[in-house]
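One structure is given here, and the rest of the page talks about it.
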Amino acid sequence: MFTRRDTMALGLGAATITLLPISVHAAADDAIAAYTGGASVTEGGVMITAPEIAENGNTVPISVEAPGAEEIAIYADGNPTPGVAVFKFGPAAGSHRASTRIRLGGTQDVVAVAKMPDGSFQQAAVEVKVTIGGCGG
């Protein structure tokens, strides 16, 4: 039988767990806002290639492409530290694409934000389902 104190502790624990993903996603939103300087971000113009299901979150291959972009930043919105990488392209770049392997702590969205030459920002997101987490999960 639960005491009143046990019931309160369970309720508080459930509320904390419920709010945790919101704070993780807020960290990714904050990181993107810091990268863009608070500028508005439009959807499209960026292509992300990632597996729909990753068997192991320790090494998830992704590639990003944004024709004409000066930079492409990658964020994993469910990781404790959402910023993954920033790729910078010079004027002599033959293509504006990059590939890497990232670590994902669980199923989450991978977001790519491209900074365009006119100072605008474009983004795309893709969900990657992870069966074995790579960030302590």
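Identifiers in the structure tokens: chain A, B, ... in order shown; residue index from 1 per chain; ligand index from 1 in order shown.
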
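Within 6 Å of segment 107-113 of chain A, once only C-alpha atoms are used and residues closer than 3 positions along the same chain are dropped, the contacting residues are Ile72, Ala73, Ile74, Tyr75, Ala76, Asp77, Gly78, Gln122, Gln123, Ala124, Ala125, Val126, Glu127, Val128, Lys129 and Val130 of chain A.
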
**OP:** Find the spatial neighbours of Ala98 of chain A, counting only C-alpha atoms, within a cut-off of 12 Å - ignore same-chain residues fewer than 2 positions away - and output them as a count of residues only.
**Re:** 29

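Shortest separation to Gly105 of chain A among A:Pro51, A:Gly44, A:Pro80, A:Gly37 occurs at residue A:Pro80, atoms counted being only C-alpha atoms.
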
**OP:** Compile the contact shell of Ser40 of chain A as a PyMOL selection string: residues with an atom at most 9 Å away, counting only C-alpha atoms, same-chain residues fewer than 6 positions apart removed.
**Re:** chain A and resi 33+120-122

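Each of A:Ala92, A:Val84, A:Met116, A:Ala28 was compared to Leu104 of chain A using only C-alpha atoms, and A:Val84 turns out to be the nearest.
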
**OP:** Could you pull out the residues in segment 30-123 of chain A that DSSP calls strand (DSSP E) from the backbone, as a PyMOL selection string?
**Re:** chain A and resi 41-43+47-49+53-54+60-65+71-76+83-88+97-102+108-115+121-123

How would the residues just picked look written out with C-alpha atoms as an mmCIF file, in the first residue's frame?
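File out28.cif, as written:
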```cif
data_model
loop_
_atom_site.group_PDB
_atom_site.id
_atom_site.type_symbol
_atom_site.label_atom_id
_atom_site.label_comp_id
_atom_site.auth_asym_id
_atom_site.auth_seq_id
_atom_site.Cartn_x
_atom_site.Cartn_y
_atom_site.Cartn_z
ATOM 1 C CA VAL A 41 14.559 29.792 -40.583
ATOM 2 C CA THR A 42 12.602 28.519 -43.584
ATOM 3 C CA GLU A 43 11.939 24.888 -44.437
ATOM 4 C CA MET A 47 18.680 17.660 -48.061
ATOM 5 C CA ILE A 48 19.578 15.195 -45.308
ATOM 6 C CA THR A 49 20.302 11.566 -46.065
ATOM 7 C CA ILE A 53 16.383 2.932 -38.644
ATOM 8 C CA ALA A 54 19.863 2.850 -37.102
ATOM 9 C CA VAL A 60 24.884 6.756 -37.625
ATOM 10 C CA PRO A 61 25.968 7.793 -41.143
ATOM 11 C CA ILE A 62 24.438 11.014 -42.434
ATOM 12 C CA SER A 63 25.057 13.349 -45.311
ATOM 13 C CA VAL A 64 23.775 16.864 -45.878
ATOM 14 C CA GLU A 65 23.574 18.997 -48.985
ATOM 15 C CA GLU A 71 27.716 26.745 -43.951
ATOM 16 C CA ILE A 72 25.671 23.754 -42.852
ATOM 17 C CA ALA A 73 25.175 23.053 -39.138
ATOM 18 C CA ILE A 74 23.876 19.706 -37.880
ATOM 19 C CA TYR A 75 21.912 19.219 -34.661
ATOM 20 C CA ALA A 76 20.629 16.087 -32.925
ATOM 21 C CA GLY A 83 25.287 20.597 -31.680
ATOM 22 C CA VAL A 84 26.997 17.957 -33.831
ATOM 23 C CA ALA A 85 29.004 19.730 -36.541
ATOM 24 C CA VAL A 86 29.327 22.860 -38.663
ATOM 25 C CA PHE A 87 30.670 22.515 -42.194
ATOM 26 C CA LYS A 88 31.968 25.681 -43.888
ATOM 27 C CA ARG A 97 27.684 18.688 -49.251
ATOM 28 C CA ALA A 98 29.265 16.820 -46.371
ATOM 29 C CA SER A 99 29.090 13.350 -44.855
ATOM 30 C CA THR A 100 29.928 12.141 -41.381
ATOM 31 C CA ARG A 101 28.940 9.636 -38.727
ATOM 32 C CA ILE A 102 27.200 10.896 -35.622
ATOM 33 C CA GLN A 108 15.234 11.618 -32.489
ATOM 34 C CA ASP A 109 15.244 14.235 -35.211
ATOM 35 C CA VAL A 110 18.455 15.222 -36.938
ATOM 36 C CA VAL A 111 18.243 18.841 -38.096
ATOM 37 C CA ALA A 112 20.444 20.540 -40.681
ATOM 38 C CA VAL A 113 20.486 24.340 -40.908
ATOM 39 C CA ALA A 114 22.146 25.993 -43.895
ATOM 40 C CA LYS A 115 23.398 29.575 -43.919
ATOM 41 C CA PHE A 121 18.765 30.292 -43.143
ATOM 42 C CA GLN A 122 17.089 27.135 -44.425
ATOM 43 C CA GLN A 123 16.565 23.864 -42.631
#
```

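Taking atom CA of Ala39 of chain A and atom CA of Pro117 of chain A as endpoints, the distance between them is 14.1 Å.
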